[in-house]
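Data file: protein-v6.cif. Format and content: mmCIF, C-alpha atoms and all ligand atoms.
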```
data_run
#
loop_
_atom_site.label_atom_id
_atom_site.label_comp_id
_atom_site.auth_asym_id
_atom_site.auth_seq_id
_atom_site.Cartn_x
_atom_site.Cartn_y
_atom_site.Cartn_z
CA MET H 225 -10.03 -22.36 13.68
CA LEU H 226 -7.81 -19.64 12.24
CA LYS H 227 -5.16 -18.38 14.65
CA LEU H 228 -3.70 -14.90 14.47
CA HIS H 229 -0.40 -13.95 16.09
CA PHE H 230 -1.13 -10.43 17.22
CA ALA H 231 0.27 -7.47 19.12
CA PRO H 232 -1.65 -4.32 20.02
CA ASN H 233 -1.23 -1.15 17.93
CA SER H 234 0.20 -3.00 14.96
CA ARG H 235 -0.74 -4.13 11.45
CA ALA H 236 -2.22 -7.24 13.07
CA GLY H 237 -5.22 -4.98 13.74
CA ARG H 238 -5.99 -5.14 10.01
CA ILE H 239 -6.57 -8.87 10.25
CA VAL H 240 -8.80 -8.61 13.33
CA TRP H 241 -10.72 -5.87 11.51
CA LEU H 242 -11.16 -8.20 8.51
CA PHE H 243 -12.26 -11.15 10.68
CA GLU H 244 -14.80 -8.93 12.39
CA GLU H 245 -16.16 -7.49 9.12
CA LEU H 246 -16.61 -11.06 7.85
CA GLY H 247 -18.15 -12.24 11.14
CA MET H 248 -15.57 -15.02 11.47
CA ASP H 249 -14.47 -17.01 14.49
CA TYR H 250 -10.76 -16.78 15.24
CA GLU H 251 -8.22 -17.35 17.94
CA ILE H 252 -5.69 -14.74 19.01
CA ASN H 253 -2.18 -15.31 20.31
CA LYS H 254 -1.48 -11.99 22.02
CA MET H 255 2.16 -11.03 22.12
CA ALA H 256 3.92 -7.99 23.50
CA PHE H 257 5.24 -5.56 20.88
CA HIS H 258 8.67 -6.30 22.27
CA PRO H 259 11.72 -8.34 21.17
CA LYS H 260 11.19 -10.78 24.04
CA ASP H 261 8.08 -12.07 22.24
CA LEU H 262 8.59 -11.07 18.60
CA LYS H 263 12.21 -12.19 18.34
CA SER H 264 11.74 -15.36 20.40
CA ASP H 265 12.73 -18.66 18.76
CA ALA H 266 9.07 -19.70 18.81
CA HIS H 267 7.98 -16.64 16.84
CA ARG H 268 10.97 -16.64 14.47
CA ALA H 269 9.95 -20.18 13.56
CA ARG H 270 6.67 -18.67 12.33
CA HIS H 271 8.13 -15.54 10.70
CA PRO H 272 11.83 -15.36 9.77
CA LEU H 273 12.01 -11.67 10.69
CA GLY H 274 10.02 -12.08 13.89
CA ARG H 275 7.21 -9.78 12.76
CA ILE H 276 3.47 -9.68 12.93
CA PRO H 277 0.83 -10.38 11.75
CA VAL H 278 1.19 -14.13 11.21
CA LEU H 279 -1.78 -16.34 10.40
CA GLU H 280 -2.05 -20.06 11.04
CA ASP H 281 -4.71 -22.07 9.26
CA GLY H 282 -4.25 -25.76 9.97
CA ASP H 283 -0.77 -26.65 8.66
CA LEU H 284 -0.40 -23.31 6.87
CA THR H 285 1.64 -20.45 8.31
CA LEU H 286 1.33 -17.19 6.37
CA TRP H 287 2.82 -13.73 6.89
CA GLU H 288 2.51 -10.33 5.15
CA SER H 289 -0.69 -8.56 6.11
CA GLY H 290 -1.81 -7.99 2.50
CA ALA H 291 -1.30 -11.65 1.62
CA ILE H 292 -3.19 -12.69 4.76
CA VAL H 293 -6.10 -10.38 3.87
CA GLU H 294 -6.25 -11.76 0.31
CA TYR H 295 -5.99 -15.36 1.53
CA VAL H 296 -8.77 -14.98 4.11
CA MET H 297 -11.06 -13.27 1.59
CA ALA H 298 -10.38 -15.88 -1.08
CA ARG H 299 -10.90 -18.86 1.24
CA TYR H 300 -13.54 -17.51 3.64
CA GLY H 301 -14.85 -14.21 2.23
CA ASP H 302 -17.55 -15.53 -0.09
CA GLY H 303 -16.68 -12.88 -2.68
CA GLY H 304 -17.31 -9.96 -0.31
CA LEU H 305 -15.25 -6.87 0.51
CA LYS H 306 -13.91 -6.36 -3.01
CA PRO H 307 -15.31 -5.26 -6.37
CA ALA H 308 -15.89 -8.01 -8.93
CA VAL H 309 -12.95 -8.51 -11.31
CA GLU H 310 -15.13 -7.26 -14.20
CA SER H 311 -16.10 -4.09 -12.31
CA PRO H 312 -14.51 -0.76 -13.37
CA ALA H 313 -13.66 -0.27 -9.67
CA PHE H 314 -11.47 -3.39 -9.52
CA PRO H 315 -8.18 -1.92 -10.85
CA GLU H 316 -8.43 1.06 -8.50
CA TYR H 317 -9.21 -1.32 -5.64
CA LEU H 318 -5.93 -3.13 -6.38
CA GLN H 319 -4.06 0.17 -6.59
CA TRP H 320 -5.12 1.39 -3.14
CA PHE H 321 -4.80 -2.05 -1.58
CA HIS H 322 -1.12 -2.20 -2.58
CA TYR H 323 -0.37 1.53 -2.22
CA CYS H 324 -0.65 0.96 1.50
CA GLU H 325 2.45 -1.21 2.07
CA GLY H 326 4.18 0.10 -1.06
CA MET H 327 4.06 3.86 -0.44
CA VAL H 328 2.39 4.83 2.83
CA MET H 329 3.81 2.42 5.38
CA PRO H 330 7.55 2.90 4.58
CA PRO H 331 7.60 6.53 5.80
CA ILE H 332 5.28 5.64 8.72
CA ASN H 333 7.79 2.95 9.75
CA THR H 334 10.61 5.51 9.70
CA ILE H 335 8.54 8.03 11.66
CA MET H 336 7.75 5.37 14.28
CA VAL H 337 11.43 4.41 14.56
CA HIS H 338 12.69 7.99 14.90
CA SER H 339 9.94 9.35 17.13
CA VAL H 340 8.88 6.40 19.29
CA LEU H 341 10.92 3.20 19.09
CA LEU H 342 14.55 4.39 19.26
CA PRO H 343 15.86 5.85 22.51
CA PRO H 344 15.97 9.68 22.19
CA GLU H 345 19.77 9.80 21.78
CA ARG H 346 19.61 7.57 18.67
CA ARG H 347 16.76 9.42 16.92
CA ASP H 348 17.68 11.44 13.82
CA GLU H 349 15.73 14.66 13.28
CA LYS H 350 16.71 14.91 9.59
CA VAL H 351 15.60 11.37 8.80
CA LEU H 352 12.36 12.03 10.70
CA ALA H 353 11.64 15.26 8.81
CA GLN H 354 12.36 13.58 5.46
CA ALA H 355 9.95 10.73 6.27
CA GLN H 356 7.28 13.22 7.37
CA ARG H 357 7.60 15.07 4.04
CA LEU H 358 7.44 11.80 2.10
CA LEU H 359 4.37 10.64 4.01
CA GLY H 360 2.66 13.99 3.38
CA ARG H 361 3.31 13.63 -0.37
CA SER H 362 2.19 9.98 -0.34
CA ILE H 363 -1.17 10.68 1.23
CA GLU H 364 -2.03 13.74 -0.90
CA PRO H 365 -3.33 11.60 -3.81
CA VAL H 366 -5.48 9.63 -1.38
CA ASP H 367 -6.99 12.87 -0.06
CA ALA H 368 -7.74 13.92 -3.65
CA ALA H 369 -9.26 10.52 -4.54
CA LEU H 370 -11.55 10.67 -1.51
CA ALA H 371 -13.26 13.89 -2.64
CA GLY H 372 -16.99 13.12 -2.69
CA ARG H 373 -16.40 9.50 -1.72
CA GLU H 374 -17.43 7.63 1.39
CA TYR H 375 -14.90 4.83 0.84
CA LEU H 376 -11.87 4.40 -1.43
CA VAL H 377 -13.70 2.58 -4.24
CA GLY H 378 -17.48 2.51 -3.99
CA ASP H 379 -18.61 0.19 -1.21
CA PHE H 380 -16.46 -0.55 1.81
CA SER H 381 -13.72 -2.97 0.72
CA ALA H 382 -10.50 -4.62 1.85
CA ALA H 383 -8.64 -1.64 0.36
CA ASP H 384 -10.22 0.40 3.18
CA ILE H 385 -8.92 -2.15 5.70
CA MET H 386 -5.38 -2.01 4.31
CA LEU H 387 -4.98 1.67 3.44
CA GLY H 388 -7.58 2.93 5.92
CA HIS H 389 -5.62 1.37 8.76
CA SER H 390 -2.45 3.15 7.58
CA LEU H 391 -4.27 6.47 7.26
CA PHE H 392 -5.64 6.01 10.76
CA MET H 393 -2.05 5.48 11.96
CA ALA H 394 -0.79 8.50 10.01
CA ASN H 395 -3.53 10.62 11.58
CA ARG H 396 -2.78 9.30 15.06
CA LEU H 397 0.86 10.23 14.55
CA GLY H 398 -0.29 13.79 13.79
CA GLN H 399 0.78 13.53 10.14
CA VAL H 400 -2.53 14.35 8.42
CA SER H 401 -2.78 18.12 8.05
CA ASP H 402 -6.08 19.88 8.66
CA GLU H 403 -6.11 20.90 4.99
CA MET H 404 -6.61 17.26 4.02
CA THR H 405 -10.29 17.52 4.80
CA ASN H 406 -11.33 14.46 2.76
CA LEU H 407 -8.82 12.31 4.59
CA LYS H 408 -9.82 13.63 8.00
CA ARG H 409 -13.48 12.93 7.24
CA TYR H 410 -12.65 9.45 5.90
CA VAL H 411 -10.60 8.45 8.96
CA ALA H 412 -13.38 9.67 11.29
CA HIS H 413 -15.85 7.63 9.22
CA ILE H 414 -13.97 4.31 9.29
CA GLU H 415 -13.26 4.78 13.01
CA LYS H 416 -17.00 4.46 13.60
CA ARG H 417 -17.22 0.95 12.14
CA PRO H 418 -17.79 -1.55 14.99
CA ALA H 419 -15.34 -4.05 13.44
CA PHE H 420 -12.63 -1.37 13.35
CA GLN H 421 -13.29 -0.44 16.98
CA LYS H 422 -12.99 -4.07 18.05
CA ALA H 423 -9.64 -4.36 16.25
CA ILE H 424 -8.19 -1.11 17.50
CA THR H 425 -9.21 -1.53 21.13
CA MET H 426 -7.88 -5.10 21.34
CA GLN H 427 -4.94 -5.04 23.74
N1 LIG S 501 4.91 -5.73 5.30
C1 LIG S 501 4.69 -6.46 6.53
C2 LIG S 501 5.24 -5.64 7.69
C3 LIG S 501 5.25 -6.43 8.98
C4 LIG S 501 5.79 -5.58 10.13
O1 LIG S 501 6.81 -4.88 9.99
N2 LIG S 501 5.09 -5.61 11.25
C5 LIG S 501 5.52 -4.83 12.40
C6 LIG S 501 4.31 -4.49 13.27
S1 LIG S 501 3.19 -3.39 12.47
C7 LIG S 501 6.45 -5.65 13.26
O2 LIG S 501 6.25 -6.82 13.43
N3 LIG S 501 7.46 -4.99 13.84
C8 LIG S 501 8.34 -5.64 14.75
C9 LIG S 501 9.78 -5.42 14.41
O3 LIG S 501 10.07 -4.68 13.47
O4 LIG S 501 10.61 -6.00 15.08
C10 LIG S 501 3.18 -6.74 6.69
O5 LIG S 501 2.39 -5.99 6.11
O6 LIG S 501 2.81 -7.71 7.37
#
```

Please go through the file and, once you have read it, give me the structure as structure tokens.
Amino acid sequence: MLKLHFAPNSRAGRIVWLFEELGMDYEINKMAFHPKDLKSDAHRARHPLGRIPVLEDGDLTLWESGAIVEYVMARYGDGGLKPAVESPAFPEYLQWFHYCEGMVMPPINTIMVHSVLLPPERRDEKVLAQAQRLLGRSIEPVDAALAGREYLVGDFSAADIMLGHSLFMANRLGQVSDEMTNLKRYVAHIEKRPAFQKAITMQ
């Protein structure tokens, strides 16, 4: 059975969300979002940087959430959760799938570091404000693309799992302005999916 190394309130939620959407069986190794677990020798043996998510499938150990999502879909997804390669929606699907880690998560990481993770005396207000501006600019095109759309590209897809999870985090951090009405509506919509709720409430 597939085994996911997981910590609450992290990108590992994307993989649980995917498993649940696909109706798969899986095993969870719950770790604390804390160096005592993530930077342990046991976990560094799985991921050189001591990060999550990490997937184990038999002898395979795989990290990078996007790679894990693509691997699980290719091996176990039966062609679901993505447009066919020939479909006009396929290139845009790829764009939003990769926009997530490429453009949206970097400023979210910085915001997390300078508003939550560092002790108050080490937080930098200027770095925080710069990351907040960058995140705002990065999510504007997503808000525009979502006009009149239920999901990012037609039917619900893995791009919604990747980028939707980041937009949920951005919203939870208070970084989605009320003017981004398409984004607000979209986040409220994906939050209603039972598979998402299972992933997000897993502690
Ligand atoms: N690009 C990687 C990022 C992995 C990552 O940074 N994960 C965070 C949790 S969301 C983590 O493990 N942080 C622990 C740390 O930085 O020590 C992915 O998508 O899997």

Please tabulate, as a tab-separated table, the residues of chain H that come within 7 Å of ligand LIG 501 (chain S), each with its closest pair of atoms and the distance in Å to one decimal, counting only C-alpha atoms and all ligand atoms and ordering rows by chain, then residue number upward.
```
residue	atom	partner	partner_atom	distance
H:Ser234	CA	S:LIG501	S1	3.9
H:Arg235	CA	S:LIG501	S1	4.1
H:Ala236	CA	S:LIG501	S1	6.7
H:Phe257	CA	S:LIG501	C8	6.9
H:Pro259	CA	S:LIG501	O4	6.6
H:Leu262	CA	S:LIG501	O4	6.5
H:Gly274	CA	S:LIG501	O4	6.2
H:Arg275	CA	S:LIG501	O2	3.2
H:Ile276	CA	S:LIG501	O2	4.0
H:Pro277	CA	S:LIG501	O6	5.5
H:Trp287	CA	S:LIG501	O6	6.0
H:Glu288	CA	S:LIG501	O6	3.4
H:Ser289	CA	S:LIG501	O6	3.8
H:Gly290	CA	S:LIG501	O5	5.9
H:Glu325	CA	S:LIG501	N1	6.1
```

Let me make sure I understand: among H:Met297, H:Ala291, H:Leu226, H:Gln354, which one has the smallest atom-to-atom distance to Ile332 of chain H if we use all atoms listed in the file?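 Answer, going by the shortest atom-to-atom distance: H:Gln354.
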
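Candidate residues H:Leu318, H:Ala231, H:Val377, H:Met225 were compared for distance to Glu251 of chain H, and the nearest is H:Met225, using all atoms listed in the file.
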
List every residue of segment 299-368 of chain H that has an atom at most 10 Å from any atom of segment 389-396 of chain H, and for each one report the closest atom pair and its distance in Å to one decimal, counting all atoms listed in the file, with rows sorted by chain and then by increasing residue number, as a tab-separated table.
```
residue	atom	partner	partner_atom	distance
H:Cys324	CA	H:Ser390	CA	6.7
H:Glu325	CA	H:Ser390	CA	8.6
H:Val328	CA	H:Ser390	CA	7.0
H:Met329	CA	H:Ser390	CA	6.7
H:Pro331	CA	H:Ala394	CA	9.6
H:Ile332	CA	H:Ala394	CA	6.8
H:Ile335	CA	H:Ala394	CA	9.5
H:Gln356	CA	H:Ala394	CA	9.7
H:Leu359	CA	H:Ala394	CA	8.2
H:Gly360	CA	H:Ala394	CA	9.3
H:Ile363	CA	H:Leu391	CA	8.0
H:Val366	CA	H:Leu391	CA	9.3
```

Selection as a PDB file with C-alpha atoms, keeping the file's coordinate frame: residues within 10 Å of (-6.5, -11.3, 6.3), counting only C-alpha atoms:
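And here's result_22.pdb as it stands now:
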```
ATOM      1  CA  LEU H 228      -3.700 -14.900  14.470  1.00  0.00           C
ATOM      2  CA  ALA H 236      -2.220  -7.240  13.070  1.00  0.00           C
ATOM      3  CA  GLY H 237      -5.220  -4.980  13.740  1.00  0.00           C
ATOM      4  CA  ARG H 238      -5.990  -5.140  10.010  1.00  0.00           C
ATOM      5  CA  ILE H 239      -6.570  -8.870  10.250  1.00  0.00           C
ATOM      6  CA  VAL H 240      -8.800  -8.610  13.330  1.00  0.00           C
ATOM      7  CA  TRP H 241     -10.720  -5.870  11.510  1.00  0.00           C
ATOM      8  CA  LEU H 242     -11.160  -8.200   8.510  1.00  0.00           C
ATOM      9  CA  PHE H 243     -12.260 -11.150  10.680  1.00  0.00           C
ATOM     10  CA  PRO H 277       0.830 -10.380  11.750  1.00  0.00           C
ATOM     11  CA  VAL H 278       1.190 -14.130  11.210  1.00  0.00           C
ATOM     12  CA  LEU H 279      -1.780 -16.340  10.400  1.00  0.00           C
ATOM     13  CA  LEU H 286       1.330 -17.190   6.370  1.00  0.00           C
ATOM     14  CA  TRP H 287       2.820 -13.730   6.890  1.00  0.00           C
ATOM     15  CA  GLU H 288       2.510 -10.330   5.150  1.00  0.00           C
ATOM     16  CA  SER H 289      -0.690  -8.560   6.110  1.00  0.00           C
ATOM     17  CA  GLY H 290      -1.810  -7.990   2.500  1.00  0.00           C
ATOM     18  CA  ALA H 291      -1.300 -11.650   1.620  1.00  0.00           C
ATOM     19  CA  ILE H 292      -3.190 -12.690   4.760  1.00  0.00           C
ATOM     20  CA  VAL H 293      -6.100 -10.380   3.870  1.00  0.00           C
ATOM     21  CA  GLU H 294      -6.250 -11.760   0.310  1.00  0.00           C
ATOM     22  CA  TYR H 295      -5.990 -15.360   1.530  1.00  0.00           C
ATOM     23  CA  VAL H 296      -8.770 -14.980   4.110  1.00  0.00           C
ATOM     24  CA  MET H 297     -11.060 -13.270   1.590  1.00  0.00           C
ATOM     25  CA  ALA H 298     -10.380 -15.880  -1.080  1.00  0.00           C
ATOM     26  CA  TYR H 300     -13.540 -17.510   3.640  1.00  0.00           C
ATOM     27  CA  GLY H 301     -14.850 -14.210   2.230  1.00  0.00           C
ATOM     28  CA  ALA H 382     -10.500  -4.620   1.850  1.00  0.00           C
ATOM     29  CA  ILE H 385      -8.920  -2.150   5.700  1.00  0.00           C
ATOM     30  CA  MET H 386      -5.380  -2.010   4.310  1.00  0.00           C
TER      31      MET H 386
END
```

In Å, with one decimal, what is the gap from atom CA of Val400 of chain H to atom CA of Leu387 of chain H? 13.8 Å

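Of the residues listed (H:Met248, H:Leu358, H:Leu370, H:Leu305), H:Leu358 shows the shortest atom-to-atom separation from Asn333 of chain H; distances use all atoms listed in the file.
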
Using all atoms listed in the file, which of H:Leu341, H:Lys227, H:Thr334, H:Lys416 sits nearest Asp249 of chain H? H:Lys227

Smallest atom-to-atom distance to Ala313 of chain H: which of H:Asp379, H:Asp348, H:Asp384, H:Asp402, using all atoms listed in the file?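 Going through H:Asp379, H:Asp348, H:Asp384, H:Asp402 one by one, the smallest distance to Ala313 of chain H is for H:Asp379.
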
When you draw a straight line from atom CA of Arg361 of chain H to atom CA of Ala412 of chain H, how long is it in Å?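 Answer for the atom CA of Arg361 of chain H to atom CA of Ala412 of chain H separation: 20.7 Å.
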
Quick one: segment 379-405 of chain H with N, CA and C atoms, as a compact mmCIF listing (two decimals), keeping the file's coordinate frame?
```
# COMPACT_ATOMS: atom_id res chain seq x y z
N ASP H 379 -18.26 0.75 -2.52
CA ASP H 379 -18.61 0.19 -1.21
C ASP H 379 -17.35 -0.04 -0.38
N PHE H 380 -17.57 -0.20 0.93
CA PHE H 380 -16.46 -0.55 1.81
C PHE H 380 -15.79 -1.83 1.28
N SER H 381 -14.45 -1.82 1.27
CA SER H 381 -13.72 -2.97 0.72
C SER H 381 -12.45 -3.23 1.53
N ALA H 382 -11.75 -4.30 1.16
CA ALA H 382 -10.50 -4.62 1.85
C ALA H 382 -9.43 -3.55 1.61
N ALA H 383 -9.57 -2.76 0.55
CA ALA H 383 -8.64 -1.64 0.36
C ALA H 383 -8.78 -0.64 1.51
N ASP H 384 -10.02 -0.49 2.03
CA ASP H 384 -10.22 0.40 3.18
C ASP H 384 -9.57 -0.19 4.44
N ILE H 385 -9.57 -1.52 4.53
CA ILE H 385 -8.92 -2.15 5.70
C ILE H 385 -7.41 -1.93 5.62
N MET H 386 -6.84 -2.16 4.44
CA MET H 386 -5.38 -2.01 4.31
C MET H 386 -4.97 -0.53 4.42
N LEU H 387 -5.43 0.27 3.47
CA LEU H 387 -4.98 1.67 3.44
C LEU H 387 -5.63 2.49 4.54
N GLY H 388 -6.90 2.18 4.85
CA GLY H 388 -7.58 2.93 5.92
C GLY H 388 -6.86 2.78 7.25
N HIS H 389 -6.36 1.59 7.52
CA HIS H 389 -5.62 1.37 8.76
C HIS H 389 -4.35 2.24 8.79
N SER H 390 -3.67 2.33 7.65
CA SER H 390 -2.45 3.15 7.58
C SER H 390 -2.77 4.63 7.74
N LEU H 391 -3.90 5.05 7.15
CA LEU H 391 -4.27 6.47 7.26
C LEU H 391 -4.67 6.80 8.69
N PHE H 392 -5.33 5.85 9.33
CA PHE H 392 -5.64 6.01 10.76
C PHE H 392 -4.33 6.19 11.56
N MET H 393 -3.33 5.36 11.24
CA MET H 393 -2.05 5.48 11.96
C MET H 393 -1.37 6.82 11.66
N ALA H 394 -1.40 7.22 10.39
CA ALA H 394 -0.79 8.50 10.01
C ALA H 394 -1.46 9.64 10.78
N ASN H 395 -2.78 9.57 10.88
CA ASN H 395 -3.53 10.62 11.58
C ASN H 395 -3.19 10.61 13.06
N ARG H 396 -3.09 9.40 13.62
CA ARG H 396 -2.78 9.30 15.06
C ARG H 396 -1.38 9.81 15.36
N LEU H 397 -0.50 9.70 14.37
CA LEU H 397 0.86 10.23 14.55
C LEU H 397 0.91 11.74 14.29
N GLY H 398 -0.24 12.33 14.02
CA GLY H 398 -0.29 13.79 13.79
C GLY H 398 0.21 14.19 12.43
N GLN H 399 0.18 13.26 11.45
CA GLN H 399 0.78 13.53 10.14
C GLN H 399 -0.24 13.85 9.06
N VAL H 400 -1.52 13.96 9.42
CA VAL H 400 -2.53 14.35 8.42
C VAL H 400 -2.91 15.80 8.72
N SER H 401 -2.54 16.69 7.79
CA SER H 401 -2.78 18.12 8.05
C SER H 401 -4.28 18.42 7.97
N ASP H 402 -4.67 19.50 8.64
CA ASP H 402 -6.08 19.88 8.66
C ASP H 402 -6.60 20.23 7.26
N GLU H 403 -5.66 20.60 6.37
CA GLU H 403 -6.11 20.90 4.99
C GLU H 403 -6.59 19.66 4.25
N MET H 404 -6.17 18.50 4.69
CA MET H 404 -6.61 17.26 4.02
C MET H 404 -7.98 16.87 4.57
N THR H 405 -8.96 17.67 4.19
CA THR H 405 -10.29 17.52 4.80
C THR H 405 -10.96 16.19 4.42
```
